[in-house]
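So this block is final-v9.cif, mmCIF, C-alpha atoms; chains and numbers go by the auth columns:
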data_structure
loop_
_atom_site.group_PDB
_atom_site.id
_atom_site.type_symbol
_atom_site.label_atom_id
_atom_site.label_comp_id
_atom_site.label_asym_id
_atom_site.label_seq_id
_atom_site.Cartn_x
_atom_site.Cartn_y
_atom_site.Cartn_z
_atom_site.B_iso_or_equiv
_atom_site.auth_seq_id
_atom_site.auth_asym_id
ATOM 1 C CA MET A 1 9.209 22.420 -17.881 0.00 247 N
ATOM 2 C CA GLU A 2 7.366 19.384 -19.146 0.00 248 N
ATOM 3 C CA GLN A 3 5.288 19.274 -15.983 0.00 249 N
ATOM 4 C CA GLN A 4 4.362 22.986 -16.343 0.00 250 N
ATOM 5 C CA GLU A 5 3.199 22.474 -19.932 0.00 251 N
ATOM 6 C CA GLN A 6 1.073 19.537 -18.876 0.00 252 N
ATOM 7 C CA GLN A 7 -0.530 21.632 -16.163 0.00 253 N
ATOM 8 C CA LYS A 8 -1.407 24.357 -18.685 0.00 254 N
ATOM 9 C CA GLU A 9 -2.988 21.825 -21.018 0.00 255 N
ATOM 10 C CA GLN A 10 -4.928 20.344 -18.123 0.00 256 N
ATOM 11 C CA GLN A 11 -6.351 23.759 -17.211 0.00 257 N
ATOM 12 C CA LYS A 12 -7.681 24.180 -20.762 0.00 258 N
ATOM 13 C CA LYS A 13 -9.805 21.019 -20.542 0.00 259 N
ATOM 14 C CA PRO A 14 -13.470 21.251 -19.501 0.00 260 N
ATOM 15 C CA ALA A 15 -14.181 20.879 -15.807 0.00 261 N
ATOM 16 C CA SER A 16 -16.185 17.726 -16.479 0.00 262 N
ATOM 17 C CA ASP A 17 -13.172 16.032 -18.082 0.00 263 N
ATOM 18 C CA ARG A 18 -11.010 16.888 -15.114 0.00 264 N
ATOM 19 C CA PHE A 19 -13.674 15.590 -12.713 0.00 265 N
ATOM 20 C CA TRP A 20 -13.943 12.186 -14.394 0.00 266 N
ATOM 21 C CA LYS A 21 -10.175 11.836 -14.636 0.00 267 N
ATOM 22 C CA PHE A 22 -9.881 12.564 -10.920 0.00 268 N
ATOM 23 C CA ALA A 23 -12.693 10.134 -10.131 0.00 269 N
ATOM 24 C CA THR A 24 -11.007 7.391 -12.166 0.00 270 N
ATOM 25 C CA VAL A 25 -7.694 7.835 -10.342 0.00 271 N
ATOM 26 C CA ALA A 26 -9.470 7.831 -6.984 0.00 272 N
ATOM 27 C CA LEU A 27 -11.274 4.604 -7.861 0.00 273 N
ATOM 28 C CA ILE A 28 -7.981 2.933 -8.851 0.00 274 N
ATOM 29 C CA VAL A 29 -6.430 3.923 -5.525 0.00 275 N
ATOM 30 C CA VAL A 30 -9.413 2.572 -3.572 0.00 276 N
ATOM 31 C CA LEU A 31 -9.304 -0.715 -5.473 0.00 277 N
ATOM 32 C CA ALA A 32 -5.558 -1.013 -4.930 0.00 278 N
ATOM 33 C CA VAL A 33 -5.956 -0.561 -1.191 0.00 279 N
ATOM 34 C CA PHE A 34 -8.759 -3.134 -1.163 0.00 280 N
ATOM 35 C CA VAL A 35 -6.613 -5.685 -3.007 0.00 281 N
ATOM 36 C CA PHE A 36 -3.658 -4.985 -0.744 0.00 282 N
ATOM 37 C CA ARG A 37 -5.729 -5.648 2.366 0.00 283 N
ATOM 38 C CA ASN A 38 -7.262 -8.806 0.955 0.00 284 N
ATOM 39 C CA ASN A 39 -4.335 -10.747 -0.437 0.00 285 N
ATOM 40 C CA ASP A 40 -3.913 -14.514 -0.430 0.00 286 N
ATOM 41 C CA SER A 41 -2.974 -14.776 3.236 0.00 287 N
ATOM 42 C CA GLY A 42 -6.221 -13.317 4.558 0.00 288 N
ATOM 43 C CA GLN A 43 -4.243 -10.929 6.755 0.00 289 N
ATOM 44 C CA ALA A 44 -3.996 -7.141 6.626 0.00 290 N
ATOM 45 C CA ALA A 45 -1.143 -6.536 4.234 0.00 291 N
ATOM 46 C CA PRO A 46 1.321 -9.080 5.645 0.00 292 N
ATOM 47 C CA THR A 47 2.792 -10.277 2.376 0.00 293 N
ATOM 48 C CA GLY A 48 3.697 -7.669 -0.163 0.00 294 N
ATOM 49 C CA GLY A 49 3.123 -8.413 -3.809 0.00 295 N
ATOM 50 C CA ALA A 50 -0.522 -7.539 -4.298 0.00 296 N
ATOM 51 C CA VAL A 51 0.321 -3.849 -4.217 0.00 297 N
ATOM 52 C CA ALA A 52 4.035 -3.189 -3.983 0.00 298 N
ATOM 53 C CA VAL A 53 5.964 0.027 -4.332 0.00 299 N
ATOM 54 C CA GLY A 54 9.226 0.538 -6.138 0.00 300 N
ATOM 55 C CA ASN A 55 9.199 4.306 -6.455 0.00 301 N
ATOM 56 C CA GLY A 56 12.918 4.945 -6.582 0.00 302 N
ATOM 57 C CA GLN A 57 12.774 7.219 -3.541 0.00 303 N
ATOM 58 C CA ALA A 58 14.985 6.864 -0.495 0.00 304 N
ATOM 59 C CA PRO A 59 13.192 5.891 2.721 0.00 305 N
ATOM 60 C CA THR A 60 12.421 8.710 5.177 0.00 306 N
ATOM 61 C CA ALA A 61 15.097 7.407 7.537 0.00 307 N
ATOM 62 C CA PRO A 62 18.356 6.568 5.734 0.00 308 N
ATOM 63 C CA VAL A 63 19.046 2.848 5.627 0.00 309 N
ATOM 64 C CA ASP A 64 22.499 1.680 6.691 0.00 310 N
ATOM 65 C CA MET A 65 23.216 -1.018 4.111 0.00 311 N
ATOM 66 C CA LYS A 66 26.327 -2.239 5.943 0.00 312 N
ATOM 67 C CA GLN A 67 24.246 -2.902 9.031 0.00 313 N
ATOM 68 C CA LEU A 68 21.545 -4.608 6.974 0.00 314 N
ATOM 69 C CA VAL A 69 24.072 -6.980 5.414 0.00 315 N
ATOM 70 C CA ASP A 70 25.155 -8.074 8.902 0.00 316 N
ATOM 71 C CA ASP A 71 27.045 -11.397 8.781 0.00 317 N
ATOM 72 C CA ASP A 72 24.590 -13.140 6.465 0.00 318 N
ATOM 73 C CA ALA A 73 25.665 -15.186 3.460 0.00 319 N
ATOM 74 C CA VAL A 74 26.428 -13.179 0.321 0.00 320 N
ATOM 75 C CA LYS A 75 25.573 -14.346 -3.165 0.00 321 N
ATOM 76 C CA GLY A 76 27.924 -12.785 -5.723 0.00 322 N
ATOM 77 C CA ASP A 77 31.003 -10.602 -5.511 0.00 323 N
ATOM 78 C CA ALA A 78 31.384 -9.214 -1.994 0.00 324 N
ATOM 79 C CA ASN A 79 32.839 -6.034 -3.531 0.00 325 N
ATOM 80 C CA ALA A 80 30.005 -5.463 -6.012 0.00 326 N
ATOM 81 C CA PRO A 81 28.942 -1.788 -6.177 0.00 327 N
ATOM 82 C CA VAL A 82 25.247 -2.538 -5.618 0.00 328 N
ATOM 83 C CA THR A 83 23.812 -4.491 -2.693 0.00 329 N
ATOM 84 C CA ILE A 84 20.349 -6.039 -2.566 0.00 330 N
ATOM 85 C CA VAL A 85 19.100 -7.167 0.835 0.00 331 N
ATOM 86 C CA GLU A 86 15.892 -9.193 0.810 0.00 332 N
ATOM 87 C CA PHE A 87 13.800 -9.825 3.919 0.00 333 N
ATOM 88 C CA SER A 88 11.778 -12.904 3.134 0.00 334 N
ATOM 89 C CA ASP A 89 9.812 -15.946 4.244 0.00 335 N
ATOM 90 C CA TYR A 90 10.214 -19.410 2.702 0.00 336 N
ATOM 91 C CA GLU A 91 6.492 -20.094 3.029 0.00 337 N
ATOM 92 C CA CYS A 92 5.342 -16.781 1.540 0.00 338 N
ATOM 93 C CA PRO A 93 3.804 -17.205 -1.954 0.00 339 N
ATOM 94 C CA PHE A 94 4.919 -13.749 -3.057 0.00 340 N
ATOM 95 C CA CYS A 95 8.482 -14.523 -1.966 0.00 341 N
ATOM 96 C CA ALA A 96 8.340 -17.677 -4.073 0.00 342 N
ATOM 97 C CA ARG A 97 7.096 -15.594 -6.993 0.00 343 N
ATOM 98 C CA PHE A 98 10.102 -13.280 -6.690 0.00 344 N
ATOM 99 C CA TYR A 99 12.441 -16.272 -6.562 0.00 345 N
ATOM 100 C CA GLU A 100 10.856 -17.929 -9.587 0.00 346 N
ATOM 101 C CA GLN A 101 10.270 -14.927 -11.815 0.00 347 N
ATOM 102 C CA THR A 102 12.745 -12.197 -10.868 0.00 348 N
ATOM 103 C CA LEU A 103 15.784 -13.389 -8.943 0.00 349 N
ATOM 104 C CA SER A 104 17.021 -15.574 -11.797 0.00 350 N
ATOM 105 C CA GLN A 105 17.056 -12.557 -14.117 0.00 351 N
ATOM 106 C CA ILE A 106 18.869 -10.415 -11.538 0.00 352 N
ATOM 107 C CA ASN A 107 21.349 -13.248 -11.099 0.00 353 N
ATOM 108 C CA GLU A 108 22.138 -13.519 -14.815 0.00 354 N
ATOM 109 C CA LYS A 109 22.349 -9.805 -15.575 0.00 355 N
ATOM 110 C CA TYR A 110 23.854 -8.379 -12.412 0.00 356 N
ATOM 111 C CA ILE A 111 25.067 -10.923 -9.846 0.00 357 N
ATOM 112 C CA LYS A 112 27.072 -13.148 -12.172 0.00 358 N
ATOM 113 C CA THR A 113 28.607 -10.084 -13.830 0.00 359 N
ATOM 114 C CA GLY A 114 29.901 -8.711 -10.513 0.00 360 N
ATOM 115 C CA LYS A 115 27.598 -5.682 -10.421 0.00 361 N
ATOM 116 C CA VAL A 116 25.325 -6.813 -7.587 0.00 362 N
ATOM 117 C CA LYS A 117 25.699 -8.808 -4.412 0.00 363 N
ATOM 118 C CA PHE A 118 22.579 -10.356 -2.933 0.00 364 N
ATOM 119 C CA VAL A 119 21.856 -11.024 0.733 0.00 365 N
ATOM 120 C CA TYR A 120 18.847 -12.980 1.967 0.00 366 N
ATOM 121 C CA ARG A 121 17.654 -12.270 5.493 0.00 367 N
ATOM 122 C CA ASP A 122 14.892 -14.067 7.329 0.00 368 N
ATOM 123 C CA PHE A 123 11.515 -12.579 8.149 0.00 369 N
ATOM 124 C CA PRO A 124 9.308 -15.635 8.887 0.00 370 N
ATOM 125 C CA LEU A 125 5.709 -14.626 9.452 0.00 371 N
ATOM 126 C CA SER A 126 3.963 -16.091 12.484 0.00 372 N
ATOM 127 C CA PHE A 127 1.015 -17.539 10.550 0.00 373 N
ATOM 128 C CA HIS A 128 3.327 -19.624 8.321 0.00 374 N
ATOM 129 C CA PRO A 129 3.931 -22.732 10.463 0.00 375 N
ATOM 130 C CA GLN A 130 6.985 -24.029 8.566 0.00 376 N
ATOM 131 C CA ALA A 131 8.706 -20.688 7.918 0.00 377 N
ATOM 132 C CA GLN A 132 10.723 -20.445 11.138 0.00 378 N
ATOM 133 C CA LYS A 133 12.289 -23.907 10.886 0.00 379 N
ATOM 134 C CA ALA A 134 12.861 -23.444 7.149 0.00 380 N
ATOM 135 C CA ALA A 135 14.844 -20.296 7.932 0.00 381 N
ATOM 136 C CA GLU A 136 16.826 -22.193 10.553 0.00 382 N
ATOM 137 C CA ALA A 137 17.484 -24.986 8.042 0.00 383 N
ATOM 138 C CA ALA A 138 19.067 -22.542 5.611 0.00 384 N
ATOM 139 C CA GLU A 139 21.234 -21.100 8.383 0.00 385 N
ATOM 140 C CA CYS A 140 22.293 -24.589 9.497 0.00 386 N
ATOM 141 C CA ALA A 141 23.237 -25.436 5.906 0.00 387 N
ATOM 142 C CA GLY A 142 25.180 -22.183 5.803 0.00 388 N
ATOM 143 C CA GLU A 143 27.306 -23.474 8.669 0.00 389 N
ATOM 144 C CA GLN A 144 28.559 -26.043 6.166 0.00 390 N
ATOM 145 C CA GLY A 145 28.973 -23.571 3.318 0.00 391 N
ATOM 146 C CA LYS A 146 25.742 -24.355 1.472 0.00 392 N
ATOM 147 C CA TYR A 147 23.376 -21.594 2.479 0.00 393 N
ATOM 148 C CA TYR A 148 22.116 -20.672 -0.973 0.00 394 N
ATOM 149 C CA GLU A 149 21.912 -24.282 -2.066 0.00 395 N
ATOM 150 C CA MET A 150 19.436 -24.881 0.784 0.00 396 N
ATOM 151 C CA HIS A 151 17.738 -21.549 0.060 0.00 397 N
ATOM 152 C CA ASP A 152 17.089 -22.688 -3.509 0.00 398 N
ATOM 153 C CA LEU A 153 15.739 -26.090 -2.493 0.00 399 N
ATOM 154 C CA LEU A 154 13.369 -24.551 0.041 0.00 400 N
ATOM 155 C CA PHE A 155 11.810 -22.399 -2.661 0.00 401 N
ATOM 156 C CA GLU A 156 11.919 -24.978 -5.438 0.00 402 N
ATOM 157 C CA LYS A 157 10.680 -28.011 -3.490 0.00 403 N
ATOM 158 C CA GLY A 158 8.654 -26.236 -0.845 0.00 404 N
ATOM 159 C CA VAL A 159 8.455 -26.403 2.932 0.00 405 N
ATOM 160 C CA GLN A 160 5.351 -28.541 3.407 0.00 406 N
ATOM 161 C CA GLY A 161 7.418 -31.499 4.643 0.00 407 N
ATOM 162 C CA GLY A 162 8.612 -29.524 7.640 0.00 408 N
ATOM 163 C CA VAL A 163 11.688 -30.570 9.598 0.00 409 N
ATOM 164 C CA ALA A 164 11.723 -34.076 8.118 0.00 410 N
ATOM 165 C CA GLY A 165 11.750 -32.574 4.649 0.00 411 N
ATOM 166 C CA PHE A 166 14.550 -30.155 5.510 0.00 412 N
ATOM 167 C CA LYS A 167 16.658 -33.046 6.772 0.00 413 N
ATOM 168 C CA GLN A 168 16.071 -34.816 3.464 0.00 414 N
ATOM 169 C CA TYR A 169 17.240 -31.705 1.612 0.00 415 N
ATOM 170 C CA ALA A 170 20.408 -31.766 3.719 0.00 416 N
ATOM 171 C CA GLN A 171 21.080 -35.313 2.537 0.00 417 N
ATOM 172 C CA GLU A 172 20.530 -34.275 -1.080 0.00 418 N
ATOM 173 C CA LEU A 173 23.087 -31.502 -0.637 0.00 419 N
ATOM 174 C CA GLY A 174 25.656 -33.885 0.785 0.00 420 N
ATOM 175 C CA LEU A 175 25.807 -32.159 4.162 0.00 421 N
ATOM 176 C CA ASP A 176 27.051 -33.774 7.337 0.00 422 N
ATOM 177 C CA THR A 177 23.551 -34.758 8.433 0.00 423 N
ATOM 178 C CA GLY A 178 24.566 -35.369 12.027 0.00 424 N
ATOM 179 C CA LYS A 179 25.713 -31.796 12.438 0.00 425 N
ATOM 180 C CA PHE A 180 22.810 -30.427 10.408 0.00 426 N
ATOM 181 C CA ASN A 181 20.169 -32.361 12.336 0.00 427 N
ATOM 182 C CA SER A 182 21.665 -31.330 15.657 0.00 428 N
ATOM 183 C CA CYS A 183 21.739 -27.697 14.568 0.00 429 N
ATOM 184 C CA LEU A 184 18.123 -27.802 13.396 0.00 430 N
ATOM 185 C CA ASP A 185 16.680 -29.780 16.306 0.00 431 N
ATOM 186 C CA SER A 186 18.392 -27.694 18.962 0.00 432 N
ATOM 187 C CA GLY A 187 17.165 -24.351 17.647 0.00 433 N
ATOM 188 C CA GLN A 188 20.774 -23.199 17.432 0.00 434 N
ATOM 189 C CA MET A 189 19.929 -20.637 14.749 0.00 435 N
ATOM 190 C CA ALA A 190 16.735 -19.265 16.287 0.00 436 N
ATOM 191 C CA ALA A 191 18.552 -16.225 17.714 0.00 437 N
ATOM 192 C CA GLU A 192 19.982 -15.432 14.269 0.00 438 N
ATOM 193 C CA ILE A 193 16.466 -15.456 12.807 0.00 439 N
ATOM 194 C CA ARG A 194 15.224 -13.146 15.564 0.00 440 N
ATOM 195 C CA LYS A 195 18.042 -10.710 14.819 0.00 441 N
ATOM 196 C CA ASP A 196 17.157 -10.681 11.131 0.00 442 N
ATOM 197 C CA MET A 197 13.556 -9.894 11.991 0.00 443 N
ATOM 198 C CA ALA A 198 14.534 -7.152 14.421 0.00 444 N
ATOM 199 C CA ASP A 199 16.820 -5.535 11.854 0.00 445 N
ATOM 200 C CA GLY A 200 14.115 -5.753 9.217 0.00 446 N
ATOM 201 C CA ALA A 201 11.494 -4.225 11.474 0.00 447 N
ATOM 202 C CA ALA A 202 13.891 -1.424 12.438 0.00 448 N
ATOM 203 C CA ALA A 203 14.402 -0.672 8.736 0.00 449 N
ATOM 204 C CA GLY A 204 10.650 -0.464 8.204 0.00 450 N
ATOM 205 C CA VAL A 205 9.846 -3.920 6.846 0.00 451 N
ATOM 206 C CA GLN A 206 6.220 -4.822 7.585 0.00 452 N
ATOM 207 C CA GLY A 207 5.642 -7.743 5.218 0.00 453 N
ATOM 208 C CA THR A 208 7.400 -10.037 2.815 0.00 454 N
ATOM 209 C CA PRO A 209 9.191 -9.832 0.545 0.00 455 N
ATOM 210 C CA GLY A 210 10.869 -6.522 1.340 0.00 456 N
ATOM 211 C CA PHE A 211 14.026 -5.265 -0.350 0.00 457 N
ATOM 212 C CA PHE A 212 16.668 -2.583 0.003 0.00 458 N
ATOM 213 C CA VAL A 213 18.825 -1.764 -3.015 0.00 459 N
ATOM 214 C CA ASN A 214 21.661 0.565 -2.008 0.00 460 N
ATOM 215 C CA GLY A 215 19.287 2.238 0.437 0.00 461 N
ATOM 216 C CA ILE A 216 16.270 2.326 -1.878 0.00 462 N
ATOM 217 C CA GLU A 217 13.276 0.379 -0.601 0.00 463 N
ATOM 218 C CA ILE A 218 11.263 -1.902 -2.890 0.00 464 N
ATOM 219 C CA SER A 219 8.251 -3.646 -1.373 0.00 465 N
ATOM 220 C CA GLY A 220 6.631 -6.777 -2.710 0.00 466 N
ATOM 221 C CA ALA A 221 7.244 -9.225 -5.535 0.00 467 N
ATOM 222 C CA GLN A 222 7.929 -6.600 -8.153 0.00 468 N
ATOM 223 C CA PRO A 223 8.854 -7.633 -11.698 0.00 469 N
ATOM 224 C CA PHE A 224 12.430 -7.600 -12.921 0.00 470 N
ATOM 225 C CA GLU A 225 11.960 -4.251 -14.689 0.00 471 N
ATOM 226 C CA VAL A 226 11.424 -2.439 -11.376 0.00 472 N
ATOM 227 C CA PHE A 227 14.654 -3.820 -9.938 0.00 473 N
ATOM 228 C CA GLN A 228 16.463 -3.119 -13.194 0.00 474 N
ATOM 229 C CA GLN A 229 15.568 0.574 -13.028 0.00 475 N
ATOM 230 C CA VAL A 230 16.750 0.946 -9.443 0.00 476 N
ATOM 231 C CA ILE A 231 19.928 -1.088 -9.993 0.00 477 N
ATOM 232 C CA ASP A 232 20.871 0.787 -13.174 0.00 478 N
ATOM 233 C CA ALA A 233 20.318 4.112 -11.412 0.00 479 N
ATOM 234 C CA ALA A 234 22.580 2.997 -8.559 0.00 480 N
ATOM 235 C CA LEU A 235 25.280 1.837 -11.003 0.00 481 N
ATOM 236 C CA ALA A 236 25.146 5.202 -12.772 0.00 482 N
ATOM 237 C CA GLN A 237 25.918 7.139 -9.597 0.00 483 N
#
Starting from the file, give its structure as structure tokens.
Amino acid sequence: MEQQEQQKEQQKKPASDRFWKFATVALIVVLAVFVFRNNDSGQAAPTGGAVAVGNGQAPTAPVDMKQLVDDDAVKGDANAPVTIVEFSDYECPFCARFYEQTLSQINEKYIKTGKVKFVYRDFPLSFHPQAQKAAEAAECAGEQGKYYEMHDLLFEKGVQGGVAGFKQYAQELGLDTGKFNSCLDSGQMAAEIRKDMADGAAAGVQGTPGFFVNGIEISGAQPFEVFQQVIDAALAQ
């Protein structure tokens, strides 16, 4: 009903008003596309965050959340009613923005309270030279029960130090460095990273960060409020 009333009011306005309103919207769309295609990476829309969509609509093809969770490490209550799966890259600036500005709020309000479980899956982009080994470092740390501890260090301290830096992080975490170094140097976790990427691509992920919240897709480093709306809607079902 509200939409019908708005349409009636719109029809009453002069044609010139409607023209300029349409032109303004069209200009905004064109600018948004331009920004999206010219983000910090210099690539065509590889890292979401410049223009990201959280429209609360289910993807065209239903997303199997159980399959997306796979055997990856879970942060929070494994039986939480809402699942967030993030496909991400440790060298992606927009992924770091999500970690710094949004994940902490989700953690406090939803993960720690048992309402949400969070799963990080790897989607290292080819033009980020440290991303692949950073992803492997987190997986190797996970073999010793400290996946998210390494995940946090990689975002907080950065990946510029490469493999040598990741080995230093392992020492800081008190890991068995012999096992960790062997895991990292041998590429033991490379196949796990490839599987994450294949699953992400099959679900429609084209850039990072990409999220699925109980089947709802959110693309890019959206603010906490976008996630809050989708999570609250899922909890209300």
Practice item. Decode the PyMOL selection byres ((chain N and resi 359-371) around 6) for the given file into explicit residues and return them as a ChimeraX atom specification. Key: /N:320-323,326-335,356-358,372-374,377-378,439,442-443
Could you save the residues just selected, with C-alpha atoms, as a PDB file, in the coordinates of the input?
ATOM      1  CA  VAL N 320      26.428 -13.179   0.321  1.00  0.00           C
ATOM      2  CA  LYS N 321      25.573 -14.346  -3.165  1.00  0.00           C
ATOM      3  CA  GLY N 322      27.924 -12.785  -5.723  1.00  0.00           C
ATOM      4  CA  ASP N 323      31.003 -10.602  -5.511  1.00  0.00           C
ATOM      5  CA  ALA N 326      30.005  -5.463  -6.012  1.00  0.00           C
ATOM      6  CA  PRO N 327      28.942  -1.788  -6.177  1.00  0.00           C
ATOM      7  CA  VAL N 328      25.247  -2.538  -5.618  1.00  0.00           C
ATOM      8  CA  THR N 329      23.812  -4.491  -2.693  1.00  0.00           C
ATOM      9  CA  ILE N 330      20.349  -6.039  -2.566  1.00  0.00           C
ATOM     10  CA  VAL N 331      19.100  -7.167   0.835  1.00  0.00           C
ATOM     11  CA  GLU N 332      15.892  -9.193   0.810  1.00  0.00           C
ATOM     12  CA  PHE N 333      13.800  -9.825   3.919  1.00  0.00           C
ATOM     13  CA  SER N 334      11.778 -12.904   3.134  1.00  0.00           C
ATOM     14  CA  ASP N 335       9.812 -15.946   4.244  1.00  0.00           C
ATOM     15  CA  TYR N 356      23.854  -8.379 -12.412  1.00  0.00           C
ATOM     16  CA  ILE N 357      25.067 -10.923  -9.846  1.00  0.00           C
ATOM     17  CA  LYS N 358      27.072 -13.148 -12.172  1.00  0.00           C
ATOM     18  CA  SER N 372       3.963 -16.091  12.484  1.00  0.00           C
ATOM     19  CA  PHE N 373       1.015 -17.539  10.550  1.00  0.00           C
ATOM     20  CA  HIS N 374       3.327 -19.624   8.321  1.00  0.00           C
ATOM     21  CA  ALA N 377       8.706 -20.688   7.918  1.00  0.00           C
ATOM     22  CA  GLN N 378      10.723 -20.445  11.138  1.00  0.00           C
ATOM     23  CA  ILE N 439      16.466 -15.456  12.807  1.00  0.00           C
ATOM     24  CA  ASP N 442      17.157 -10.681  11.131  1.00  0.00           C
ATOM     25  CA  MET N 443      13.556  -9.894  11.991  1.00  0.00           C
TER      26      MET N 443
END
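Shortest atom-to-atom contact with N:Thr423 among N:Val405, N:Ala387, N:Ile352, N:Ala436: N:Ala387, counting only C-alpha atoms.
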Exercise for review: Could you please give me, as a PyMOL selection string, the residues of protein, DNA or RNA lying at most 9 Å from (8.0, -8.8, 0.5) in the coordinate frame of the file, considering only C-alpha atoms?
Suggested key: chain N and resi 292-295+298+332-335+338+340-341+344+451-457+464-468
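Put simply, the PyMOL selection byres ((chain N and resi 393) around 10) in this file takes in Asp318, Ala319, Val320, Lys321, Tyr366, Ala383, Ala384, Glu385, Cys386, Ala387, Gly388, Glu389, Gln390, Gly391, Lys392, Tyr394, Glu395, Met396, His397 and Asp398 of chain N.
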**Study point:** Option closest in space to N:Leu430, from N:Leu400, N:Ala342, N:Ala479, N:Ala380 [counting all atoms listed in the file]
**Key:** N:Ala380
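One finds atom CA of N:Tyr336 at 15.7 Å from atom CA of N:Glu438.
Of note, atom CA of N:Pro339 and atom CA of N:Val459 are spaced 21.6 Å apart.
For the atom pair formed by atom CA of N:Asn460 and atom CA of N:Phe401, the distance is 25.0 Å, given to one decimal.
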Exercise for review: Expand the PyMOL selection byres ((chain N and resi 470-473) around 8) into the individual residues it matches in the shown file, reporting them as a ChimeraX atom specification.
Suggested key: /N:300,347-349,351-352,468-469,474-477
Review point. For N:Gln406, which residue out of N:Asn427, N:Leu419, N:Gly446, N:Glu337 is the nearest one, using all atoms listed in the file?
Key: N:Glu337
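Nearest residue to N:Gly411 among N:Phe458, N:Ala437, N:Asp478, N:Lys379 is N:Lys379, counting all atoms listed in the file.
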Once you add 5 Å to each side, what are the centre and edge lengths of the axis-aligned box holding all listed atoms of stretch 465-476 of chain N? One decimal in Å, as JSON, if you can.
{"center_x": 11.7, "center_y": -4.1, "center_z": -8.0, "size_x": 20.1, "size_y": 20.2, "size_z": 23.3}
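If you measure from each of N:Met311, N:Ala449, N:Ala482, N:Val409 to N:Ser432 using all atoms listed in the file, the closest one turns out to be N:Val409.
Comparing N:Asp431, N:Asp316, N:Glu354, N:Glu346 by their smallest distance to N:Ala410, the closest is N:Asp431 (using only C-alpha atoms).
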